Structures are given as structure tokens and as C-alpha cells.
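Colleague: Just one file: query-v3.txt, with compact mmCIF, C-alpha atoms.
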```txt
# COMPACT_ATOMS: atom_id res chain seq x y z
CA MET A 1 0.00 0.00 0.00
CA SER A 2 1.45 3.33 -1.02
CA LEU A 3 1.04 6.43 1.08
CA ARG A 4 -0.46 9.35 -0.76
CA ARG A 5 -1.22 12.89 0.22
CA ASP A 6 -3.85 14.56 -1.90
CA THR A 7 -3.99 18.35 -2.11
CA LEU A 8 -7.18 20.15 -2.97
CA THR A 9 -6.92 23.66 -4.41
CA LEU A 10 -10.11 25.69 -4.71
CA LEU A 11 -11.04 26.28 -8.36
CA ILE A 12 -14.69 27.41 -8.32
CA PRO A 13 -16.26 28.52 -5.03
CA ARG A 14 -19.88 27.65 -4.21
CA GLY A 15 -21.09 31.24 -4.67
CA VAL A 16 -19.90 31.28 -8.28
CA ILE A 17 -21.40 27.83 -8.92
CA ASP A 18 -24.66 29.07 -7.45
CA ARG A 19 -24.84 32.12 -9.73
CA THR A 20 -23.90 30.10 -12.81
CA VAL A 21 -26.51 27.41 -12.11
CA THR A 22 -29.14 30.14 -11.64
CA ASP A 23 -28.16 31.73 -14.98
CA LEU A 24 -28.35 28.36 -16.75
CA ALA A 25 -31.76 27.70 -15.19
CA THR A 26 -33.05 31.08 -16.38
CA ARG A 27 -31.97 30.36 -19.96
CA ILE A 28 -33.33 26.81 -19.92
CA SER A 29 -36.68 27.92 -18.46
CA ALA A 30 -37.05 30.49 -21.23
CA ASP A 31 -36.03 28.05 -23.98
CA TYR A 32 -38.32 25.22 -22.85
CA ARG A 33 -41.41 27.14 -21.80
CA GLY A 34 -44.48 25.45 -23.31
CA ARG A 35 -42.49 22.35 -24.32
CA GLN A 36 -42.47 18.84 -22.84
CA LEU A 37 -39.13 18.84 -21.07
CA VAL A 38 -37.47 15.71 -19.73
CA ALA A 39 -34.19 16.31 -17.89
CA VAL A 40 -31.96 13.24 -18.06
CA GLY A 41 -29.06 13.17 -15.62
CA ILE A 42 -25.98 11.03 -16.10
CA LEU A 43 -25.14 9.21 -12.87
CA LYS A 44 -23.34 9.43 -10.70
CA GLY A 45 -21.55 12.69 -11.48
CA ALA A 46 -24.53 14.86 -12.42
CA PHE A 47 -26.66 14.24 -9.35
CA ILE A 48 -25.82 17.41 -7.41
CA PHE A 49 -25.74 19.73 -10.42
CA MET A 50 -29.02 18.27 -11.68
CA ALA A 51 -30.74 18.64 -8.28
CA ASP A 52 -29.72 22.29 -8.01
CA LEU A 53 -30.53 23.09 -11.63
CA VAL A 54 -34.02 21.57 -11.86
CA ARG A 55 -35.15 23.21 -8.63
CA ARG A 56 -34.47 26.58 -10.23
CA LEU A 57 -36.45 25.91 -13.40
CA ASP A 58 -39.84 27.61 -13.26
CA ILE A 59 -41.42 25.29 -15.83
CA PRO A 60 -42.86 21.78 -15.41
CA LEU A 61 -40.60 18.90 -16.36
CA GLU A 62 -39.95 15.21 -15.82
CA VAL A 63 -36.65 13.92 -14.53
CA ASP A 64 -34.91 10.68 -15.31
CA PHE A 65 -31.41 9.25 -15.01
CA VAL A 66 -29.10 6.99 -16.95
CA THR A 67 -26.05 5.24 -15.60
CA VAL A 68 -23.06 4.71 -17.82
CA SER A 69 -19.62 3.43 -17.12
CA SER A 70 -16.93 5.46 -18.80
CA TYR A 71 -14.47 6.35 -16.06
CA GLY A 72 -12.46 3.45 -14.75
CA ARG A 73 -10.23 3.57 -11.73
CA ALA A 74 -7.45 4.89 -13.91
CA ALA A 75 -9.47 8.09 -14.51
CA GLU A 76 -9.19 7.72 -18.24
CA SER A 77 -12.34 8.14 -20.31
CA SER A 78 -13.06 5.04 -22.29
CA ARG A 79 -14.03 4.95 -25.92
CA THR A 80 -16.38 2.08 -25.17
CA VAL A 81 -19.40 3.42 -23.34
CA VAL A 82 -21.54 0.89 -21.49
CA LEU A 83 -25.12 1.82 -20.64
CA GLN A 84 -25.66 0.25 -17.24
CA GLN A 85 -29.12 1.62 -16.58
CA ASP A 86 -31.42 3.01 -19.23
CA LEU A 87 -34.26 5.53 -18.99
CA SER A 88 -37.48 4.62 -17.22
CA THR A 89 -39.42 7.37 -19.01
CA ASP A 90 -40.98 7.28 -22.46
CA ILE A 91 -39.32 10.22 -24.23
CA ARG A 92 -41.03 9.85 -27.62
CA GLY A 93 -42.09 13.29 -28.82
CA LYS A 94 -40.56 15.02 -25.82
CA ASP A 95 -37.75 17.56 -25.52
CA VAL A 96 -34.83 15.98 -23.76
CA LEU A 97 -32.08 17.87 -21.96
CA LEU A 98 -29.12 15.64 -21.13
CA ILE A 99 -27.30 16.76 -18.00
CA GLU A 100 -23.65 15.89 -17.48
CA ASP A 101 -21.11 16.90 -14.86
CA ILE A 102 -18.08 17.18 -17.14
CA VAL A 103 -17.40 16.70 -20.84
CA ASP A 104 -13.86 15.63 -21.65
CA THR A 105 -13.25 13.24 -24.55
CA GLY A 106 -16.93 13.60 -25.51
CA HIS A 107 -17.48 9.87 -26.07
CA THR A 108 -20.01 9.43 -23.26
CA VAL A 109 -22.25 12.32 -24.23
CA CYS A 110 -21.94 11.53 -27.95
CA TYR A 111 -23.14 8.01 -27.32
CA LEU A 112 -26.00 9.16 -25.10
CA LEU A 113 -27.18 11.99 -27.37
CA GLN A 114 -27.48 9.49 -30.20
CA HIS A 115 -29.18 6.95 -27.94
CA LEU A 116 -31.76 9.54 -26.83
CA ALA A 117 -32.45 10.60 -30.41
CA GLU A 118 -32.97 6.96 -31.38
CA ARG A 119 -35.49 6.62 -28.58
CA GLY A 120 -37.70 9.14 -30.38
CA ALA A 121 -37.08 12.40 -28.54
CA SER A 122 -38.27 15.35 -30.62
CA SER A 123 -35.22 17.33 -29.56
CA VAL A 124 -32.07 16.52 -27.60
CA ARG A 125 -29.73 19.10 -26.09
CA LEU A 126 -26.81 18.96 -23.73
CA CYS A 127 -26.22 20.88 -20.52
CA ALA A 128 -22.84 20.37 -18.84
CA LEU A 129 -21.53 21.83 -15.62
CA ALA A 130 -17.95 21.74 -16.86
CA ASP A 131 -16.05 21.38 -20.12
CA LYS A 132 -12.47 20.17 -20.43
CA PRO A 133 -11.89 20.98 -24.12
CA THR A 134 -8.20 20.03 -24.10
CA ARG A 135 -9.21 16.36 -23.90
CA ARG A 136 -11.82 16.38 -26.65
CA GLU A 137 -11.67 13.47 -29.15
CA VAL A 138 -15.11 13.78 -30.73
CA SER A 139 -16.99 16.94 -31.58
CA VAL A 140 -19.80 17.81 -29.15
CA ARG A 141 -22.18 20.76 -29.18
CA LEU A 142 -22.56 22.15 -25.67
CA ASP A 143 -25.91 23.91 -25.68
CA TYR A 144 -25.64 25.02 -22.05
CA LEU A 145 -22.29 25.18 -20.29
CA GLY A 146 -21.34 26.24 -16.79
CA PHE A 147 -17.53 26.39 -16.74
CA THR A 148 -14.50 25.60 -18.86
CA VAL A 149 -11.88 23.90 -16.71
CA PRO A 150 -8.16 23.22 -17.20
CA ASP A 151 -6.75 19.78 -18.01
CA GLN A 152 -6.42 18.73 -14.37
CA PHE A 153 -8.38 16.48 -12.05
CA VAL A 154 -11.36 18.49 -10.88
CA VAL A 155 -13.45 17.21 -7.98
CA GLY A 156 -16.39 18.28 -5.86
CA TYR A 157 -20.01 19.27 -6.59
CA GLY A 158 -20.63 15.76 -7.95
CA LEU A 159 -17.24 15.30 -9.61
CA ASP A 160 -15.15 12.49 -8.22
CA PHE A 161 -11.81 10.87 -8.19
CA ASP A 162 -12.19 7.16 -7.45
CA ASN A 163 -15.69 7.93 -6.11
CA LYS A 164 -14.30 10.34 -3.55
CA PHE A 165 -14.88 14.10 -3.12
CA ARG A 166 -18.32 14.16 -4.82
CA TYR A 167 -19.96 15.65 -1.75
CA LEU A 168 -17.79 18.79 -1.57
CA PRO A 169 -19.88 21.94 -2.13
CA ASP A 170 -17.13 23.72 -4.11
CA ILE A 171 -15.05 22.60 -7.10
CA TYR A 172 -11.36 21.85 -6.50
CA VAL A 173 -8.28 20.84 -8.45
CA LEU A 174 -6.91 17.60 -7.06
CA GLU A 175 -3.16 17.18 -6.99
CA ARG A 176 -1.89 13.75 -6.16
CA HIS A 177 1.44 13.32 -4.46
CA VAL A 178 2.46 9.70 -4.77
CA MET B 179 -29.25 4.57 2.79
CA VAL B 180 -31.02 7.78 1.78
CA GLU B 181 -34.74 7.78 0.94
CA ASP B 182 -37.19 10.52 0.06
CA ILE B 183 -40.23 9.09 1.83
CA VAL B 184 -40.92 6.00 3.89
CA ASP B 185 -44.47 4.84 3.43
CA THR B 186 -45.36 1.18 3.91
CA GLY B 187 -41.69 0.46 4.53
CA MET B 188 -41.76 -2.48 2.12
CA THR B 189 -39.40 -0.90 -0.43
CA LEU B 190 -37.00 0.18 2.25
CA ASN B 191 -36.98 -3.25 3.87
CA TYR B 192 -36.25 -4.89 0.56
CA VAL B 193 -33.37 -2.54 -0.24
CA LEU B 194 -31.92 -2.80 3.25
CA SER B 195 -31.83 -6.58 3.10
CA HIS B 196 -30.21 -6.30 -0.32
CA LEU B 197 -27.56 -3.87 0.96
CA ALA B 198 -26.92 -6.18 3.91
CA THR B 199 -25.84 -8.90 1.50
CA HIS B 200 -22.97 -6.60 0.45
CA LYS B 201 -21.67 -6.83 4.02
CA PRO B 202 -21.25 -3.14 4.97
CA ALA B 203 -19.77 -2.44 8.42
CA THR B 204 -22.91 -0.54 9.38
CA LEU B 205 -26.19 0.31 7.66
CA SER B 206 -28.32 3.31 8.67
CA VAL B 207 -31.39 4.91 7.18
CA CYS B 208 -31.91 8.62 6.56
CA THR B 209 -35.27 9.69 5.19
CA LEU B 210 -36.55 13.12 4.31
CA LEU B 211 -40.16 12.22 5.11
CA ASP B 212 -41.84 9.60 7.27
CA ARG B 213 -45.52 8.78 6.70
CA THR B 214 -46.13 6.52 9.67
CA SER B 215 -49.85 6.03 9.05
CA ARG B 216 -49.20 3.69 6.13
CA ARG B 217 -46.52 1.51 7.71
CA LEU B 218 -46.79 -2.22 7.01
CA ALA B 219 -43.23 -3.32 7.69
CA ASN B 220 -41.26 -2.60 10.81
CA VAL B 221 -38.24 -0.45 9.89
CA LYS B 222 -35.84 1.50 12.06
CA LEU B 223 -35.32 5.04 10.79
CA ASP B 224 -32.11 6.52 12.13
CA TYR B 225 -32.52 10.01 10.72
CA VAL B 226 -35.90 11.56 9.87
CA GLY B 227 -36.43 15.02 8.40
CA PHE B 228 -40.19 15.42 8.76
CA GLU B 229 -43.02 13.25 9.95
CA ILE B 230 -46.10 13.83 7.82
CA SER B 231 -49.75 12.83 7.91
CA ASP B 232 -51.53 10.78 5.26
CA GLU B 233 -51.45 13.43 2.52
CA PHE B 234 -50.19 13.21 -1.06
CA VAL B 235 -46.95 15.17 -1.09
CA VAL B 236 -44.89 16.33 -4.07
CA GLY B 237 -41.75 18.38 -4.71
CA TYR B 238 -38.11 18.24 -3.58
CA GLY B 239 -37.74 14.96 -5.47
CA LEU B 240 -41.21 13.59 -4.75
CA ASP B 241 -43.45 13.10 -7.75
CA ASP B 242 -46.93 12.46 -9.02
CA LYS B 243 -46.60 10.50 -12.28
CA ASP B 244 -43.08 11.97 -12.70
CA GLU B 245 -44.29 15.55 -12.33
CA TYR B 246 -43.35 18.12 -9.65
CA ARG B 247 -40.00 16.57 -8.66
CA ASN B 248 -38.21 19.82 -9.40
CA LEU B 249 -40.23 22.00 -7.02
CA PRO B 250 -37.84 23.53 -4.47
CA PHE B 251 -40.39 22.99 -1.67
CA ILE B 252 -42.72 20.21 -0.50
CA GLY B 253 -46.42 20.67 -1.19
CA ILE B 254 -49.66 18.75 -0.71
CA LEU B 255 -51.26 17.81 -4.01
CA LYS B 256 -55.03 18.08 -3.97
CA GLU B 257 -56.87 16.05 -6.56
CA ASP B 258 -59.37 18.70 -7.65
CA ALA B 259 -56.50 21.12 -8.27
CA ALA B 260 -54.66 18.46 -10.29
CA GLU B 261 -57.71 17.95 -12.49
CA GLY B 262 -57.97 21.66 -13.05
CA ALA B 263 -61.64 21.70 -11.92
```
How does this structure look as C-alpha cells?
Modeller:
Amino acid sequence: MSLRRDTLTLLIPRGVIDRTVTDLATRISADYRGRQLVAVGILKGAFIFMADLVRRLDIPLEVDFVTVSSYGRAAESSRTVVLQQDLSTDIRGKDVLLIEDIVDTGHTVCYLLQHLAERGASSVRLCALADKPTRREVSVRLDYLGFTVPDQFVVGYGLDFDNKFRYLPDIYVLERHV
Amino acid sequence: MVEDIVDTGMTLNYVLSHLATHKPATLSVCTLLDRTSRRLANVKLDYVGFEISDEFVVGYGLDDKDEYRNLPFIGILKEDAAEGA
């Protein structure tokens, strides 16, 4: 067993996250007013962002979740995306907003956007808390974006490293000292 | 284990016995709402947010046919209001 000391450096404080989520919610409410919105969160990472975001929408909507495995223990995004748990909602003819914590290579959201379109959604858009464009391998259109982050491990507010740090209310850069 | 509402307790009991098979060191239950009037199974709730009476509640994650989950508060849904009468 190796001894490690992890250092967390504050990247985005909760007050800034709060304002950004409110701004996103205002835009999404305006764009989806009068439509049949289904917000689909990608577990586990999106659960906190999704909970905060949907509670600030002033329009009716349904919520659903999908679980995919894309991050392994090595923290490398895989090109093979496995859908572990599918939707429980019928999205045919509805307007789907996919909610992700962070977009890096783009493979996960690409796969899911296509999957949702194939399930008969009348529109599919993407809302991501964070974007790490330096790691992009496939082109993704981010319809609603919170923050662009540097090519470092970011944790907190749903984002994890090895399933740790998700519960932190701010977003941090994780530095690992092995 | 975190639950939105404990009603009959049947769901919770099922999930708890499932989690027990994974051999955690301890297993506790935290529920936002407790509707004791409908209880069928005996469950120990370690942390309870609110005890409520036998009303239909929605919001803060709780739904009626997948609606209202996003409300930032908890409300009682009345049927006549839902039908728009």
C-alpha cells in the first residue's frame, strides 16, 4: 500500500457555482417554456448539479437518469461506453435535456445523445456543468455550459476521483502526491 | 441509505436486506419524510427530516406521475387542483 497525500486547491467557489446554475436555469426555463421537457441526468456525477438546476427551473418537467460506465479507476475516459441503466421514461415526442457533470473526450455524451435521439425524442440538447476541451476526441455541441476547466483532475459538486470528493460543495483541483 | 419518503416500509426493507448482502460495516437509514400512518413493515429510521400525515406530497424529489420533482419545496397535491376543476 502506497502512502499518498492529496492536495485540494479551490477552483470554483460555491457562490460562483450558485450564480452560474441560476443563470443556466433562467436560460433553460425560457427556452423550454411550453415544451415537454425531460431532464436526463448522467449518474453518478450529475446528481448534485441536476438537483440544483431543476429546482431553479420555473417550468414543469420530468426527470430521469441513466447510468453509464466510462471512467475506470485509472481516470481515463473510455471509448467504449456501457449503458448500465437506461431511462425509465418514455421520451417519444418530448424535448430531452441531457445533464452531465463534465465533458472531456466527448465519447459518453456523444453516445448518449445518439441513444436519446434513437429513442424518439423530438429534440435533444446537452447541458454540462464543466467542459475540459483540451481532452476532446469527438466533436460535441454544448448547448448550455457552466464552466470551462483546465486539463487537471477536478473534484467536488458531484465530480469524483475514485468515487471520492463528490460531496464537496465547491469545485477543487486535485493534486496527487504519490 | 437515503430515501425521500418511507411509506409502507416495504421498499426500504427490501433494499436494506439487499444492501446487507454486500456486508457493509454498518447500515443506517436517513429519510426526508416519514408517513407513519401507512406503515406495514417494521423499519428503524435513524434520521428523519419530517413526519407527515396521510397526505399526497410532491416536490423536492417527490413526484406524481413523474411531475413536480423539481419543485424547491414540499407541497400537498389536492386532486381537484390536479384535475384543473
Colleague: Quick one: contact table of chain A to chain B, 9 Å max, nearest atom pair and distance in Å to one decimal per residue, counting all atoms listed in the file, chain and number order, as CSV?
Modeller:
```
residue,atom,partner,partner_atom,distance
A:Ala51,CA,B:Asn248,CA,7.6
A:Asp52,CA,B:Pro250,CA,8.9
A:Leu53,CA,B:Asn248,CA,8.6
A:Val54,CA,B:Asn248,CA,5.2
A:Arg55,CA,B:Asn248,CA,4.6
A:Arg56,CA,B:Pro250,CA,7.3
A:Leu57,CA,B:Asn248,CA,7.5
A:Asp58,CA,B:Leu249,CA,8.4
A:Pro60,CA,B:Tyr246,CA,6.8
A:Leu61,CA,B:Glu245,CA,6.4
A:Glu62,CA,B:Asp244,CA,5.5
A:Val63,CA,B:Asp244,CA,7.0
A:Asp64,CA,B:Asp244,CA,8.7
A:Thr89,CA,B:Asp244,CA,8.6
```
Colleague: Would you please work out which residue, of B:Val235, B:Val221, B:Val226, B:Leu240, is nearest to Met188 (chain B) when using all atoms listed in the file?
Modeller: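 That would be B:Val221, the residue with the smallest distance to Met188 (chain B).
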Colleague: Interatomic distance between CA of Met50 (chain A) and CA of Val82 (chain A)?
Modeller: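 CA of Val82 (chain A) lies at a distance of 21.3 Å from CA of Met50 (chain A).
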Colleague: Do you know which residues are at most 10 Å from Leu112 (chain A) counting all atoms listed in the file, after dropping those on the same chain fewer than 4 positions away, and could you put them as a JSON list (two decimals) with C-alpha atoms, in the coordinates of the input?
Modeller:
```json
[["chain", "number", "residue", "atom", "x", "y", "z"],
["A", 42, "ILE", "CA", -25.98, 11.03, -16.10],
["A", 66, "VAL", "CA", -29.10, 6.99, -16.95],
["A", 68, "VAL", "CA", -23.06, 4.71, -17.82],
["A", 81, "VAL", "CA", -19.40, 3.42, -23.34],
["A", 83, "LEU", "CA", -25.12, 1.82, -20.64],
["A", 98, "LEU", "CA", -29.12, 15.64, -21.13],
["A", 107, "HIS", "CA", -17.48, 9.87, -26.07],
["A", 108, "THR", "CA", -20.01, 9.43, -23.26],
["A", 116, "LEU", "CA", -31.76, 9.54, -26.83],
["A", 117, "ALA", "CA", -32.45, 10.60, -30.41],
["A", 118, "GLU", "CA", -32.97, 6.96, -31.38],
["A", 124, "VAL", "CA", -32.07, 16.52, -27.60],
["A", 126, "LEU", "CA", -26.81, 18.96, -23.73]]
```
Colleague: As an exercise, work out the distance from CA of Ala30 (chain A) to CA of Gly45 (chain A) in Å and give it to one decimal place.
Modeller: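 Distance between the two atoms: 25.5 Å.
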Colleague: Rounded to one decimal, what separation in Å do you get between CA of Leu142 (chain A) and CA of Ala128 (chain A)?
Modeller: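 Separation between CA of Leu142 (chain A) and CA of Ala128 (chain A): 7.1 Å.
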Colleague: Please check which residues have atoms at most 10 Å from (-45.4, -6.1, 7.0) in the file's coordinates, counting only C-alpha atoms, and write them as a tab-separated table (two decimals) with C-alpha atoms, keeping the file's coordinate frame.
Modeller:
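Written out: selection-v4.tsv:
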```
chain	number	residue	atom	x	y	z
B	186	THR	CA	-45.36	1.18	3.91
B	187	GLY	CA	-41.69	0.46	4.53
B	188	MET	CA	-41.76	-2.48	2.12
B	191	ASN	CA	-36.98	-3.25	3.87
B	217	ARG	CA	-46.52	1.51	7.71
B	218	LEU	CA	-46.79	-2.22	7.01
B	219	ALA	CA	-43.23	-3.32	7.69
B	220	ASN	CA	-41.26	-2.60	10.81
B	221	VAL	CA	-38.24	-0.45	9.89
```
Colleague: Do a neighbour search on region 137-140 of chain A at 12 Å with only C-alpha atoms, toss out local chain neighbours closer than 3 positions, and write the hits as a PyMOL selection string.
Modeller: chain A and resi 77-79+103-114+125-128+131-134+143-145
Colleague: Specify the axis-aligned box that encloses all atoms of region 231-242 of chain B listed in the file after padding of 6 Å on each side, stating its centre and edge lengths in Å to one decimal as lines of an AutoDock Vina configuration file.
Modeller:
```
center_x = -44.6
center_y = 14.6
center_z = -0.6
size_x = 25.8
size_y = 19.6
size_z = 28.9
```
Colleague: Using only C-alpha atoms, which of A:Ala39, A:Val155, A:Ile59, A:Ala130 sits nearest Leu87 (chain A)?
Modeller: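 The closest residue to Leu87 (chain A) is A:Ala39.
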Colleague: Since the input is missing atoms, can you rebuild N, CA and C atoms for region 247-261 of chain B and write them as a PDB file, in the coordinates of the input?
Modeller:
```pdb
ATOM      1  N   ARG B 247     -41.220  16.900  -9.411  1.00  0.00           N
ATOM      2  CA  ARG B 247     -40.000  16.570  -8.660  1.00  0.00           C
ATOM      3  C   ARG B 247     -39.088  17.771  -8.477  1.00  0.00           C
ATOM      4  N   ASN B 248     -39.148  18.697  -9.423  1.00  0.00           N
ATOM      5  CA  ASN B 248     -38.210  19.820  -9.400  1.00  0.00           C
ATOM      6  C   ASN B 248     -38.648  20.976  -8.504  1.00  0.00           C
ATOM      7  N   LEU B 249     -39.814  20.900  -7.899  1.00  0.00           N
ATOM      8  CA  LEU B 249     -40.230  22.000  -7.020  1.00  0.00           C
ATOM      9  C   LEU B 249     -39.248  22.126  -5.862  1.00  0.00           C
ATOM     10  N   PRO B 250     -38.831  23.358  -5.541  1.00  0.00           N
ATOM     11  CA  PRO B 250     -37.840  23.530  -4.470  1.00  0.00           C
ATOM     12  C   PRO B 250     -38.446  23.465  -3.071  1.00  0.00           C
ATOM     13  N   PHE B 251     -39.723  23.107  -2.966  1.00  0.00           N
ATOM     14  CA  PHE B 251     -40.390  22.990  -1.670  1.00  0.00           C
ATOM     15  C   PHE B 251     -41.237  21.721  -1.704  1.00  0.00           C
ATOM     16  N   ILE B 252     -41.826  21.366  -0.566  1.00  0.00           N
ATOM     17  CA  ILE B 252     -42.720  20.210  -0.500  1.00  0.00           C
ATOM     18  C   ILE B 252     -44.141  20.718  -0.363  1.00  0.00           C
ATOM     19  N   GLY B 253     -45.030  20.219  -1.221  1.00  0.00           N
ATOM     20  CA  GLY B 253     -46.420  20.670  -1.190  1.00  0.00           C
ATOM     21  C   GLY B 253     -47.362  19.483  -1.121  1.00  0.00           C
ATOM     22  N   ILE B 254     -48.602  19.770  -0.706  1.00  0.00           N
ATOM     23  CA  ILE B 254     -49.660  18.750  -0.710  1.00  0.00           C
ATOM     24  C   ILE B 254     -50.426  18.895  -2.009  1.00  0.00           C
ATOM     25  N   LEU B 255     -50.548  17.781  -2.737  1.00  0.00           N
ATOM     26  CA  LEU B 255     -51.260  17.810  -4.010  1.00  0.00           C
ATOM     27  C   LEU B 255     -52.709  17.432  -3.760  1.00  0.00           C
ATOM     28  N   LYS B 256     -53.603  18.354  -4.133  1.00  0.00           N
ATOM     29  CA  LYS B 256     -55.030  18.080  -3.970  1.00  0.00           C
ATOM     30  C   LYS B 256     -55.588  17.660  -5.316  1.00  0.00           C
ATOM     31  N   GLU B 257     -56.422  16.632  -5.303  1.00  0.00           N
ATOM     32  CA  GLU B 257     -56.870  16.050  -6.560  1.00  0.00           C
ATOM     33  C   GLU B 257     -57.668  17.012  -7.435  1.00  0.00           C
ATOM     34  N   ASP B 258     -58.552  17.790  -6.844  1.00  0.00           N
ATOM     35  CA  ASP B 258     -59.370  18.700  -7.650  1.00  0.00           C
ATOM     36  C   ASP B 258     -58.495  19.737  -8.350  1.00  0.00           C
ATOM     37  N   ALA B 259     -57.423  20.161  -7.668  1.00  0.00           N
ATOM     38  CA  ALA B 259     -56.500  21.120  -8.270  1.00  0.00           C
ATOM     39  C   ALA B 259     -55.751  20.458  -9.430  1.00  0.00           C
ATOM     40  N   ALA B 260     -55.379  19.180  -9.248  1.00  0.00           N
ATOM     41  CA  ALA B 260     -54.660  18.460 -10.290  1.00  0.00           C
ATOM     42  C   ALA B 260     -55.513  18.272 -11.531  1.00  0.00           C
ATOM     43  N   GLU B 261     -56.810  18.124 -11.336  1.00  0.00           N
ATOM     44  CA  GLU B 261     -57.710  17.950 -12.490  1.00  0.00           C
ATOM     45  C   GLU B 261     -58.081  19.260 -13.132  1.00  0.00           C
TER      46      GLU B 261
END
```
